[in-house]
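Engineer: This is the structure I want to talk about, given as C-alpha cells.
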Amino acid sequence: MGNSAVVVGGGIGGLAAAVGLRLIGWEVTVVERAATLADAGAGISLHANGLRALDVLGVGAAVRAAAHPQYTGGTRTPKGRLLTRMDGAALERELGTPIVGIPRSVLHRLLREALPPGCLRVGAEATAVDRTGPDGPARVSVPGRELEADLVVAADGVNSRLRARLFPHHPGPVYSGSTVLRAITEHPVDLADDFRITWGRGAEFGHITFADGRAEWHAVLNAPPGIRHPDALDAVRRRFAHWHDPIPALLDATRPDAVLHHDIHELATPLPAFTAGPVALLGDAAHAMTPNLGQGACQALEDAATLAAALAAEPTVAGALARYDAERRPRSQAVARAARQAGRMGQQLAHPAAVALRDTALRLTPSRAMIRAILRHADWTPPALAVGHRAP
C-alpha cells in the first residue's frame with residue numbers, strides 16, 4: 001500500500017499540493033470546510049515562477065491555454081500620466097513567458113480536473129490533528145470520522161486553524177492597513193492595456209484582462225479594518241470619480257453584486273518552521289503576504305511543487321519535510337518582506353510630498369531596472385519531480 005496524505009483546504013495551494021502528491025504516487029484526500037465550491041475571488045496574475053511550478057505539476061499547458069498574456073501596460077498617476085511601462089515581451093525573452101492573467105475560478109477548475117473523482121470532500125472541516133511522531137501516522141478529525149495519513153498538508157489559508165494549533169504562541173495574521181474591493185466585469189471591455197496599475201494617495205486601482213475580453217479590476221485603499229459599504233460599487237465610483245479612463249468603463253461594466261471586499265491580512269511575524277511532526281504548512285497558512293508583488297499564489301504553487309519533489313526524493317517523510325522547510329521558508333518569507341515593503345513605498349503612501357517623490361523616482365527608473373525587479377522573484381527554477389515515485 002502506498003503513502004497517504006490529507007490536505008486541509010481546497011484553495012489554489014491545497015489543490016496544487018494534492019496534484020503534486022498524486023503525481024508521485026500518493027493517495028490523497030482533500031478536505032474543504034465550505035459546503036459548496038463557490039470559487040470566490042476575482043482574477044489572478046501568474047508570474048513565470050508560478051507557471052513553472054504548474055508545469056512541474058502537469059497542468060501548466062492547460063493554464064496557459066486558458067490565460068491571457070500581459071504584454072502591455074504599466075503604472076500611471078490618477079490623471080493618467082505614465083510613470084513606468086511594463087514590457088511583457090522583454091519578460092518573455094528573459095523567462096520564456098510574460099505574466100498571464102486568469103480568473104481564479106478557472107485556475108481552481110483546472111486544478112480540480114487534474115484530480116480523480118472523490119479526492120475532494122467539501123463540507124468537511126478538519127477540527128483536530130493528532131500527531132503521533134515525525135514519521136506519522138497522523139489522524140485528522142473531520143465530522144463523523146477520523147482520517148489517518150502519513151502526511152497532513154495544512155493549506156487552510158491566512159486564518160489557518162491548524163497553524164494556530166501547531167504554533168499556539170505565534171501572534172497569527174495582522175491587518176496590513178489596506179482593504180481591497182475587486183470584481184470581474186460582466187462583459188468584455190475595450191482596453192488599451194493588458195495590465196495597468198494607477199497609484200494615488202493611499203489608493204491603487206488596477207486591472208488585468210482575460211482571454212474572453214472581460215477584465216478583473218481591483219481597488220486598494222488605506223482604511224481601518226472592518227469597514228463595509230451597503231453599495232460597494234457606488235463607494236468605489238465615488239472614491240475614484242476623477243481618475244483616468246478606463247476606470248469609469250470598468251466600473252460601468254460591473255454588476256453591483258459582483259464586487260468582493262476583503263481586508264488584507266498578512267503574517268508579519270515569520271513562522272519559526274513550516275513543519276511540525278508529519279504536518280507541512282503551505283500557502284497562506286505558512287506565509288500570507290500582501291498582494292503588492294502579485295506573488296501570493298505563485299509562492300503557494302512553488303510550495304506544492306517543492307513538497308512533492310522532496311517527498312519523491314527523500315526516503316522518509318521526516319527527511320522530506322526538513323528539506324521542504326529548508327528550501328521554502330527562507331525564500332517565501334523573503335518574498336513576503338519584499339511585498340510588504342513594496343506596499344509601503346507604493347499604494348500605502350499618502351503624504352503629498354512622499355507621493356511626489358515616489359512618482360518622480362518611478363519616472364526616472366530605467367525599464368531594464370523594472371524588469372530586474374520582477375526577475376528577482378519570478379526567476380525560480382523548480383526542483384525535478386520523480387513522477388510515480390512511492391516512498392518505502
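As shown in the C-alpha cells, the chain order sets the letters A, B, ...; within each chain, residues go from 1, and ligands are also counted from 1 in the order they appear.
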For Val129 (chain A), find every residue with an atom within 7 Å (counting only C-alpha atoms), except residues of its own chain fewer than 3 positions away, and show them as number ranges by chain.
Structural biologist: A: 138-141
Engineer: Those residues with N, CA, C and O atoms, as a PDB file, in the first residue's frame please?
Structural biologist:
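Heads up, here's the output in part_34.pdb:
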ATOM      1  N   ALA A 138      -0.537  10.423  11.179  1.00  0.00           N
ATOM      2  CA  ALA A 138      -1.316  11.472  11.824  1.00  0.00           C
ATOM      3  C   ALA A 138      -2.790  11.148  11.640  1.00  0.00           C
ATOM      4  O   ALA A 138      -3.179  10.452  10.702  1.00  0.00           O
ATOM      5  N   ARG A 139      -3.589  11.657  12.551  1.00  0.00           N
ATOM      6  CA  ARG A 139      -5.037  11.438  12.463  1.00  0.00           C
ATOM      7  C   ARG A 139      -5.735  12.784  12.411  1.00  0.00           C
ATOM      8  O   ARG A 139      -5.532  13.626  13.282  1.00  0.00           O
ATOM      9  N   VAL A 140      -6.538  12.949  11.372  1.00  0.00           N
ATOM     10  CA  VAL A 140      -7.254  14.197  11.155  1.00  0.00           C
ATOM     11  C   VAL A 140      -8.726  13.958  11.461  1.00  0.00           C
ATOM     12  O   VAL A 140      -9.360  13.081  10.860  1.00  0.00           O
ATOM     13  N   SER A 141      -9.255  14.729  12.406  1.00  0.00           N
ATOM     14  CA  SER A 141     -10.656  14.589  12.781  1.00  0.00           C
ATOM     15  C   SER A 141     -11.527  15.469  11.898  1.00  0.00           C
ATOM     16  O   SER A 141     -11.309  16.679  11.800  1.00  0.00           O
TER      17      SER A 141
END
Engineer: Identify, on the basis of only C-alpha atoms, every residue whose closest approach to region 254-257 of chain A does not exceed 9 Å; exclude the query and any residue fewer than 3 positions from it along the same chain; express the result as a list in words.
Structural biologist: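 Listing them by chain and then by number gives Ala183, Ile184, Thr185, Glu186, His187, Asp231, Ala232, Leu233, Asp234, Ala249, Leu250, Leu251 and Leu260 of chain A.
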Engineer: Can you pull out every residue from region 268-377 of chain A that DSSP, working from the backbone, puts in strand (DSSP E), and format the result as a ChimeraX atom specification?
Structural biologist: /A:275-276,279-281
Engineer: Those residues with C-alpha atoms, as a PDB file, in the first residue's frame please?
Structural biologist:
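So part_21.pdb came out as:
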ATOM      1  CA  THR A 275       6.517  21.863   9.534  1.00  0.00           C
ATOM      2  CA  ALA A 276       5.534  20.234  12.828  1.00  0.00           C
ATOM      3  CA  VAL A 279       2.373  18.270   9.136  1.00  0.00           C
ATOM      4  CA  ALA A 280       3.506  20.719   6.423  1.00  0.00           C
ATOM      5  CA  LEU A 281       2.112  24.237   6.222  1.00  0.00           C
TER       6      LEU A 281
END
Engineer: When distances are computed from only C-alpha atoms, which of A:Gly294, A:Leu301, A:Ile24, A:Gly283 shows the smallest separation from Ala155 (chain A)?
Structural biologist: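 Answer, going by the shortest atom-to-atom distance: A:Gly283.
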Engineer: List the spatial neighbours of Pro171 (chain A) as a list in words - criterion: any atom at most 12 Å away, only C-alpha atoms, same-chain residues fewer than 5 positions off excluded.
Structural biologist: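 What passes the distance filter is Asn159, Arg163, Ala164, Arg165, Glu266, Leu267, Ala268, Thr269, Pro270, Leu271 and Pro272 of chain A.
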Engineer: Would you put the residues from that selection into a file with all heavy atoms, as a PDB file, in the first residue's frame?
Structural biologist:
ATOM      1  N   ASN A 159      -6.092  32.537   7.877  1.00  0.00           N
ATOM      2  CA  ASN A 159      -6.602  32.334   9.234  1.00  0.00           C
ATOM      3  C   ASN A 159      -6.555  30.866   9.631  1.00  0.00           C
ATOM      4  O   ASN A 159      -7.433  30.377  10.348  1.00  0.00           O
ATOM      5  CB  ASN A 159      -8.029  32.875   9.334  1.00  0.00           C
ATOM      6  CG  ASN A 159      -8.083  34.373   9.142  1.00  0.00           C
ATOM      7  OD1 ASN A 159      -7.340  35.119   9.787  1.00  0.00           O
ATOM      8  ND2 ASN A 159      -8.954  34.831   8.253  1.00  0.00           N
ATOM      9  N   ARG A 163      -2.548  26.001  11.823  1.00  0.00           N
ATOM     10  CA  ARG A 163      -1.355  26.759  12.228  1.00  0.00           C
ATOM     11  C   ARG A 163      -1.487  27.227  13.673  1.00  0.00           C
ATOM     12  O   ARG A 163      -0.537  27.154  14.453  1.00  0.00           O
ATOM     13  CB  ARG A 163      -1.164  27.961  11.315  1.00  0.00           C
ATOM     14  CG  ARG A 163       0.092  28.785  11.657  1.00  0.00           C
ATOM     15  CD  ARG A 163       0.173  30.079  10.857  1.00  0.00           C
ATOM     16  NE  ARG A 163      -0.945  30.959  11.144  1.00  0.00           N
ATOM     17  CZ  ARG A 163      -1.752  31.479  10.231  1.00  0.00           C
ATOM     18  NH1 ARG A 163      -1.562  31.235   8.948  1.00  0.00           N
ATOM     19  NH2 ARG A 163      -2.755  32.254  10.585  1.00  0.00           N
ATOM     20  N   ALA A 164      -2.670  27.692  14.054  1.00  0.00           N
ATOM     21  CA  ALA A 164      -2.881  28.159  15.424  1.00  0.00           C
ATOM     22  C   ALA A 164      -2.695  27.037  16.426  1.00  0.00           C
ATOM     23  O   ALA A 164      -2.188  27.253  17.529  1.00  0.00           O
ATOM     24  CB  ALA A 164      -4.274  28.774  15.548  1.00  0.00           C
ATOM     25  N   ARG A 165      -3.090  25.814  16.044  1.00  0.00           N
ATOM     26  CA  ARG A 165      -2.902  24.675  16.947  1.00  0.00           C
ATOM     27  C   ARG A 165      -1.438  24.238  17.017  1.00  0.00           C
ATOM     28  O   ARG A 165      -0.937  23.869  18.079  1.00  0.00           O
ATOM     29  CB  ARG A 165      -3.769  23.495  16.486  1.00  0.00           C
ATOM     30  CG  ARG A 165      -5.259  23.697  16.704  1.00  0.00           C
ATOM     31  CD  ARG A 165      -6.044  22.522  16.155  1.00  0.00           C
ATOM     32  NE  ARG A 165      -7.472  22.646  16.405  1.00  0.00           N
ATOM     33  CZ  ARG A 165      -8.090  22.205  17.490  1.00  0.00           C
ATOM     34  NH1 ARG A 165      -7.382  21.597  18.434  1.00  0.00           N
ATOM     35  NH2 ARG A 165      -9.381  22.353  17.640  1.00  0.00           N
ATOM     36  N   GLU A 266      -1.773  39.699   6.784  1.00  0.00           N
ATOM     37  CA  GLU A 266      -0.503  39.044   6.463  1.00  0.00           C
ATOM     38  C   GLU A 266       0.111  38.464   7.720  1.00  0.00           C
ATOM     39  O   GLU A 266      -0.249  38.839   8.848  1.00  0.00           O
ATOM     40  CB  GLU A 266       0.473  40.051   5.838  1.00  0.00           C
ATOM     41  CG  GLU A 266       0.790  41.215   6.752  1.00  0.00           C
ATOM     42  CD  GLU A 266       1.946  42.072   6.264  1.00  0.00           C
ATOM     43  OE1 GLU A 266       2.834  41.538   5.573  1.00  0.00           O
ATOM     44  OE2 GLU A 266       1.967  43.263   6.601  1.00  0.00           O
ATOM     45  N   LEU A 267       1.048  37.537   7.529  1.00  0.00           N
ATOM     46  CA  LEU A 267       1.846  37.016   8.648  1.00  0.00           C
ATOM     47  C   LEU A 267       3.086  37.893   8.775  1.00  0.00           C
ATOM     48  O   LEU A 267       4.142  37.571   8.231  1.00  0.00           O
ATOM     49  CB  LEU A 267       2.232  35.552   8.408  1.00  0.00           C
ATOM     50  CG  LEU A 267       1.143  34.504   8.577  1.00  0.00           C
ATOM     51  CD1 LEU A 267       1.734  33.102   8.444  1.00  0.00           C
ATOM     52  CD2 LEU A 267       0.431  34.633   9.916  1.00  0.00           C
ATOM     53  N   ALA A 268       2.945  39.011   9.472  1.00  0.00           N
ATOM     54  CA  ALA A 268       4.069  39.929   9.622  1.00  0.00           C
ATOM     55  C   ALA A 268       5.176  39.325  10.471  1.00  0.00           C
ATOM     56  O   ALA A 268       6.349  39.651  10.287  1.00  0.00           O
ATOM     57  CB  ALA A 268       3.589  41.240  10.240  1.00  0.00           C
ATOM     58  N   THR A 269       4.823  38.454  11.411  1.00  0.00           N
ATOM     59  CA  THR A 269       5.814  37.711  12.199  1.00  0.00           C
ATOM     60  C   THR A 269       6.066  36.377  11.515  1.00  0.00           C
ATOM     61  O   THR A 269       5.154  35.541  11.446  1.00  0.00           O
ATOM     62  CB  THR A 269       5.316  37.476  13.633  1.00  0.00           C
ATOM     63  OG1 THR A 269       5.046  38.732  14.257  1.00  0.00           O
ATOM     64  CG2 THR A 269       6.358  36.712  14.440  1.00  0.00           C
ATOM     65  N   PRO A 270       7.254  36.141  10.986  1.00  0.00           N
ATOM     66  CA  PRO A 270       7.506  34.879  10.270  1.00  0.00           C
ATOM     67  C   PRO A 270       7.373  33.675  11.199  1.00  0.00           C
ATOM     68  O   PRO A 270       7.710  33.734  12.389  1.00  0.00           O
ATOM     69  CB  PRO A 270       8.956  35.037   9.779  1.00  0.00           C
ATOM     70  CG  PRO A 270       9.240  36.502   9.835  1.00  0.00           C
ATOM     71  CD  PRO A 270       8.430  37.037  10.974  1.00  0.00           C
ATOM     72  N   LEU A 271       6.882  32.584  10.647  1.00  0.00           N
ATOM     73  CA  LEU A 271       6.834  31.336  11.402  1.00  0.00           C
ATOM     74  C   LEU A 271       8.238  30.797  11.635  1.00  0.00           C
ATOM     75  O   LEU A 271       9.104  30.929  10.769  1.00  0.00           O
ATOM     76  CB  LEU A 271       6.014  30.288  10.649  1.00  0.00           C
ATOM     77  CG  LEU A 271       4.493  30.426  10.666  1.00  0.00           C
ATOM     78  CD1 LEU A 271       3.874  29.404   9.734  1.00  0.00           C
ATOM     79  CD2 LEU A 271       3.957  30.256  12.079  1.00  0.00           C
ATOM     80  N   PRO A 272       8.476  30.140  12.769  1.00  0.00           N
ATOM     81  CA  PRO A 272       9.793  29.549  13.016  1.00  0.00           C
ATOM     82  C   PRO A 272      10.041  28.286  12.201  1.00  0.00           C
ATOM     83  O   PRO A 272      11.179  27.829  12.068  1.00  0.00           O
ATOM     84  CB  PRO A 272       9.758  29.237  14.511  1.00  0.00           C
ATOM     85  CG  PRO A 272       8.305  29.015  14.814  1.00  0.00           C
ATOM     86  CD  PRO A 272       7.572  29.972  13.917  1.00  0.00           C
TER      87      PRO A 272
END
Engineer: Assign secondary structure with DSSP using the backbone only, and return the residues of region 64-197 of chain A in helix (DSSP H, G or I) as an mmCIF file with N, CA and C atoms, in the first residue's frame.
Structural biologist:
data_model
loop_
_atom_site.group_PDB
_atom_site.id
_atom_site.type_symbol
_atom_site.label_atom_id
_atom_site.label_comp_id
_atom_site.auth_asym_id
_atom_site.auth_seq_id
_atom_site.Cartn_x
_atom_site.Cartn_y
_atom_site.Cartn_z
ATOM 1 N N ARG A 64 -1.951 27.861 -19.316
ATOM 2 C CA ARG A 64 -1.527 28.824 -20.348
ATOM 3 C C ARG A 64 -2.595 28.980 -21.434
ATOM 4 N N ALA A 65 -3.221 27.865 -21.812
ATOM 5 C CA ALA A 65 -4.229 27.917 -22.860
ATOM 6 C C ALA A 65 -5.449 28.725 -22.435
ATOM 7 N N ALA A 66 -5.724 28.759 -21.135
ATOM 8 C CA ALA A 66 -6.898 29.475 -20.639
ATOM 9 C C ALA A 66 -6.580 30.897 -20.209
ATOM 10 N N GLY A 88 6.091 43.242 -21.493
ATOM 11 C CA GLY A 88 5.873 41.802 -21.398
ATOM 12 C C GLY A 88 6.741 41.010 -22.350
ATOM 13 N N ALA A 89 7.068 41.582 -23.493
ATOM 14 C CA ALA A 89 7.928 40.878 -24.453
ATOM 15 C C ALA A 89 9.330 40.708 -23.893
ATOM 16 N N ALA A 90 9.828 41.729 -23.173
ATOM 17 C CA ALA A 90 11.149 41.614 -22.554
ATOM 18 C C ALA A 90 11.143 40.540 -21.471
ATOM 19 N N LEU A 91 10.070 40.470 -20.696
ATOM 20 C CA LEU A 91 9.962 39.405 -19.695
ATOM 21 C C LEU A 91 9.946 38.034 -20.362
ATOM 22 N N GLU A 92 9.232 37.938 -21.468
ATOM 23 C CA GLU A 92 9.175 36.659 -22.188
ATOM 24 C C GLU A 92 10.559 36.266 -22.696
ATOM 25 N N ARG A 93 11.338 37.221 -23.160
ATOM 26 C CA ARG A 93 12.699 36.895 -23.608
ATOM 27 C C ARG A 93 13.559 36.414 -22.452
ATOM 28 N N GLU A 94 13.372 36.987 -21.296
ATOM 29 C CA GLU A 94 14.180 36.625 -20.127
ATOM 30 C C GLU A 94 13.743 35.307 -19.499
ATOM 31 N N LEU A 95 12.420 35.083 -19.440
ATOM 32 C CA LEU A 95 11.881 33.991 -18.643
ATOM 33 C C LEU A 95 11.143 32.928 -19.437
ATOM 34 N N ARG A 104 -9.652 33.320 -11.149
ATOM 35 C CA ARG A 104 -9.357 32.319 -10.113
ATOM 36 C C ARG A 104 -10.232 31.084 -10.282
ATOM 37 N N SER A 105 -11.489 31.291 -10.648
ATOM 38 C CA SER A 105 -12.390 30.150 -10.795
ATOM 39 C C SER A 105 -11.893 29.184 -11.859
ATOM 40 N N VAL A 106 -11.292 29.705 -12.922
ATOM 41 C CA VAL A 106 -10.763 28.839 -13.978
ATOM 42 C C VAL A 106 -9.552 28.070 -13.480
ATOM 43 N N LEU A 107 -8.655 28.744 -12.760
ATOM 44 C CA LEU A 107 -7.484 28.059 -12.215
ATOM 45 C C LEU A 107 -7.916 26.977 -11.232
ATOM 46 N N HIS A 108 -8.888 27.274 -10.367
ATOM 47 C CA HIS A 108 -9.403 26.259 -9.442
ATOM 48 C C HIS A 108 -9.925 25.049 -10.210
ATOM 49 N N ARG A 109 -10.716 25.320 -11.246
ATOM 50 C CA ARG A 109 -11.313 24.219 -12.014
ATOM 51 C C ARG A 109 -10.241 23.351 -12.669
ATOM 52 N N LEU A 110 -9.223 23.961 -13.247
ATOM 53 C CA LEU A 110 -8.178 23.180 -13.914
ATOM 54 C C LEU A 110 -7.405 22.322 -12.919
ATOM 55 N N LEU A 111 -7.185 22.839 -11.725
ATOM 56 C CA LEU A 111 -6.505 22.037 -10.703
ATOM 57 C C LEU A 111 -7.401 20.889 -10.242
ATOM 58 N N ARG A 112 -8.692 21.149 -10.065
ATOM 59 C CA ARG A 112 -9.609 20.073 -9.658
ATOM 60 C C ARG A 112 -9.691 18.993 -10.729
ATOM 61 N N GLU A 113 -9.680 19.407 -11.999
ATOM 62 C CA GLU A 113 -9.784 18.429 -13.080
ATOM 63 C C GLU A 113 -8.564 17.516 -13.161
ATOM 64 N N ARG A 161 -6.551 27.431 11.047
ATOM 65 C CA ARG A 161 -6.794 26.875 12.376
ATOM 66 C C ARG A 161 -5.713 25.868 12.753
ATOM 67 N N LEU A 162 -5.217 25.138 11.758
ATOM 68 C CA LEU A 162 -4.165 24.172 12.068
ATOM 69 C C LEU A 162 -2.885 24.889 12.489
ATOM 70 N N ARG A 163 -2.548 26.001 11.823
ATOM 71 C CA ARG A 163 -1.355 26.759 12.228
ATOM 72 C C ARG A 163 -1.487 27.227 13.673
ATOM 73 N N ALA A 164 -2.670 27.692 14.054
ATOM 74 C CA ALA A 164 -2.881 28.159 15.424
ATOM 75 C C ALA A 164 -2.695 27.037 16.426
ATOM 76 N N ARG A 165 -3.090 25.814 16.044
ATOM 77 C CA ARG A 165 -2.902 24.675 16.947
ATOM 78 C C ARG A 165 -1.438 24.238 17.017
ATOM 79 N N LEU A 166 -0.755 24.282 15.886
ATOM 80 C CA LEU A 166 0.627 23.826 15.843
ATOM 81 C C LEU A 166 1.588 24.831 16.463
#
Engineer: Can you tell me which residues surround Val387 (chain A) at a distance of at most 12 Å, considering only C-alpha atoms, apart from same-chain residues fewer than 3 positions away, and format the answer as a list of chain:residue names?
Structural biologist: A:Val19, A:Gly20, A:Leu21, A:Arg22, A:Leu23, A:Ile24, A:Gly25, A:Trp26, A:Val56, A:Leu57, A:Gly58, A:Ala305, A:Ala308, A:Ala309, A:Ala310, A:Leu311, A:Ala312, A:Ala313, A:Ala384, A:Arg390, A:Ala391
Engineer: For the selection you just gave me, I'd like the residues written to a file as a PDB file, in the first residue's frame, keeping C-alpha atoms.
Structural biologist:
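Final output, part-v3.pdb:
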ATOM      1  CA  VAL A  19      -1.980  17.243  -7.670  1.00  0.00           C
ATOM      2  CA  GLY A  20       1.739  17.006  -6.861  1.00  0.00           C
ATOM      3  CA  LEU A  21       1.259  14.241  -4.313  1.00  0.00           C
ATOM      4  CA  ARG A  22      -0.854  12.258  -6.755  1.00  0.00           C
ATOM      5  CA  LEU A  23       1.879  12.581  -9.371  1.00  0.00           C
ATOM      6  CA  ILE A  24       4.407  10.896  -7.091  1.00  0.00           C
ATOM      7  CA  GLY A  25       2.045   8.042  -6.321  1.00  0.00           C
ATOM      8  CA  TRP A  26       0.466   9.109  -3.044  1.00  0.00           C
ATOM      9  CA  VAL A  56       6.051  20.521 -12.906  1.00  0.00           C
ATOM     10  CA  LEU A  57       2.585  19.627 -11.631  1.00  0.00           C
ATOM     11  CA  GLY A  58       1.429  18.776 -15.153  1.00  0.00           C
ATOM     12  CA  ALA A 305       5.929  21.586  -6.376  1.00  0.00           C
ATOM     13  CA  ALA A 308       6.116  16.825  -3.920  1.00  0.00           C
ATOM     14  CA  ALA A 309       9.728  16.809  -5.126  1.00  0.00           C
ATOM     15  CA  ALA A 310      11.071  16.487  -1.576  1.00  0.00           C
ATOM     16  CA  LEU A 311       8.750  13.582  -0.789  1.00  0.00           C
ATOM     17  CA  ALA A 312       9.785  11.858  -4.014  1.00  0.00           C
ATOM     18  CA  ALA A 313      13.499  12.319  -3.321  1.00  0.00           C
ATOM     19  CA  ALA A 384      12.850  17.942 -10.575  1.00  0.00           C
ATOM     20  CA  ARG A 390       6.339   5.814  -3.895  1.00  0.00           C
ATOM     21  CA  ALA A 391       8.334   6.143  -0.695  1.00  0.00           C
TER      22      ALA A 391
END
Engineer: Quick one: residues within 12 Å of Gln299 (chain A), only C-alpha atoms counted, chain neighbours fewer than 4 positions away excluded, as a PyMOL selection string?
Structural biologist: chain A and resi 12-13+16+46-54+282-289+291+293-295+303-306+328-336+339+377-378+380+382
Engineer: Glu27 (chain A): which residues within 8 Å, counting only C-alpha atoms, same-chain residues fewer than 6 positions away excluded, as a list in words?
Structural biologist: Gly2, Asn3, Ser4, Ala5 and Leu21 of chain A
Engineer: What does the file look like for those residues with all heavy atoms, as a PDB file, in the first residue's frame?
Structural biologist:
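Below is the file that was written, selection35.pdb:
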ATOM      1  N   GLY A   2       0.498   2.270  -0.752  1.00  0.00           N
ATOM      2  CA  GLY A   2       1.314   3.469  -0.865  1.00  0.00           C
ATOM      3  C   GLY A   2       1.097   4.434   0.274  1.00  0.00           C
ATOM      4  O   GLY A   2       0.294   4.213   1.187  1.00  0.00           O
ATOM      5  N   ASN A   3       1.827   5.518   0.216  1.00  0.00           N
ATOM      6  CA  ASN A   3       1.699   6.562   1.227  1.00  0.00           C
ATOM      7  C   ASN A   3       0.397   7.322   1.035  1.00  0.00           C
ATOM      8  O   ASN A   3      -0.141   7.416  -0.062  1.00  0.00           O
ATOM      9  CB  ASN A   3       2.872   7.532   1.122  1.00  0.00           C
ATOM     10  CG  ASN A   3       4.201   6.847   1.390  1.00  0.00           C
ATOM     11  OD1 ASN A   3       4.841   6.373   0.468  1.00  0.00           O
ATOM     12  ND2 ASN A   3       4.593   6.780   2.641  1.00  0.00           N
ATOM     13  N   SER A   4      -0.082   7.913   2.128  1.00  0.00           N
ATOM     14  CA  SER A   4      -1.333   8.643   2.073  1.00  0.00           C
ATOM     15  C   SER A   4      -1.167  10.011   2.711  1.00  0.00           C
ATOM     16  O   SER A   4      -0.350  10.206   3.609  1.00  0.00           O
ATOM     17  CB  SER A   4      -2.446   7.870   2.792  1.00  0.00           C
ATOM     18  OG  SER A   4      -2.133   7.726   4.170  1.00  0.00           O
ATOM     19  N   ALA A   5      -1.960  10.969   2.221  1.00  0.00           N
ATOM     20  CA  ALA A   5      -1.915  12.331   2.742  1.00  0.00           C
ATOM     21  C   ALA A   5      -3.322  12.887   2.830  1.00  0.00           C
ATOM     22  O   ALA A   5      -4.197  12.546   2.026  1.00  0.00           O
ATOM     23  CB  ALA A   5      -1.053  13.226   1.844  1.00  0.00           C
ATOM     24  N   LEU A  21       1.168  15.498  -5.062  1.00  0.00           N
ATOM     25  CA  LEU A  21       1.259  14.241  -4.313  1.00  0.00           C
ATOM     26  C   LEU A  21       0.725  13.075  -5.138  1.00  0.00           C
ATOM     27  O   LEU A  21       1.279  11.967  -5.108  1.00  0.00           O
ATOM     28  CB  LEU A  21       0.488  14.371  -3.000  1.00  0.00           C
ATOM     29  CG  LEU A  21       1.115  15.319  -1.972  1.00  0.00           C
ATOM     30  CD1 LEU A  21       0.138  15.597  -0.824  1.00  0.00           C
ATOM     31  CD2 LEU A  21       2.415  14.747  -1.432  1.00  0.00           C
TER      32      LEU A  21
END
Engineer: Residues within 10 Å of Gly118 (chain A), please, as an NGL selection string. Count only C-alpha atoms; anything in the same chain fewer than 5 positions from it doesn't count.
Structural biologist: :A and (28-30)
Engineer: Based on the selection just made, write N, CA, C and O atoms of those residues as a PDB file, in the first residue's frame.
Structural biologist:
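That gives us again-v7.pdb:
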ATOM      1  N   VAL A  28      -4.400  10.617  -1.873  1.00  0.00           N
ATOM      2  CA  VAL A  28      -4.654  11.947  -1.320  1.00  0.00           C
ATOM      3  C   VAL A  28      -6.146  12.164  -1.108  1.00  0.00           C
ATOM      4  O   VAL A  28      -6.964  11.824  -1.968  1.00  0.00           O
ATOM      5  N   THR A  29      -6.466  12.752   0.040  1.00  0.00           N
ATOM      6  CA  THR A  29      -7.814  13.228   0.323  1.00  0.00           C
ATOM      7  C   THR A  29      -7.723  14.714   0.650  1.00  0.00           C
ATOM      8  O   THR A  29      -6.936  15.116   1.510  1.00  0.00           O
ATOM      9  N   VAL A  30      -8.494  15.526  -0.056  1.00  0.00           N
ATOM     10  CA  VAL A  30      -8.568  16.962   0.217  1.00  0.00           C
ATOM     11  C   VAL A  30      -9.869  17.234   0.951  1.00  0.00           C
ATOM     12  O   VAL A  30     -10.944  16.871   0.469  1.00  0.00           O
TER      13      VAL A  30
END
Engineer: Using only C-alpha atoms, find the one residue out of A:Ala338, A:Ala42, A:Ile264, A:Ala273 that sits nearest to His207 (chain A).
Structural biologist: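 Ranked by minimum distance to His207 (chain A), first place goes to A:Ala42.
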Engineer: Tell me which of A:Asp263, A:Val153, A:Gly202, A:Leu321 sits closest to Arg228 (chain A), counting only C-alpha atoms.
Structural biologist: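 For Arg228 (chain A), the nearest of the given residues is A:Asp263.
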Engineer: Nearest to Ala128 (chain A) among A:Arg201, A:Arg81, A:Val8, A:Gly277, with distances taken over only C-alpha atoms: which residue is it?
Structural biologist: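 Ranked by minimum distance to Ala128 (chain A), first place goes to A:Val8.
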Engineer: Have a look at CA of Asp55 (chain A) and CA of Gly296 (chain A) and let me know their distance in Å, one decimal.
Structural biologist: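 Pair CA of Asp55 (chain A) / CA of Gly296 (chain A) returns 17.7 Å.
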Engineer: Which residue, A:Arg85, A:Arg372, A:Arg238, A:His351, has the smallest gap to Ile197 (chain A) when you use only C-alpha atoms?
Structural biologist: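 Using only C-alpha atoms, the shortest distance to Ile197 (chain A) belongs to A:Arg85.
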Engineer: Counting only C-alpha atoms, figure out which residue out of A:Val355, A:Ile247, A:Val158, A:Leu120 gets nearest to Gly80 (chain A).
Structural biologist: A:Ile247
Engineer: Can you tell me how far CA of Gln70 (chain A) sits from CA of Asp193 (chain A), in Å to one decimal?
Structural biologist: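 Those two atoms sit 8.2 Å apart.
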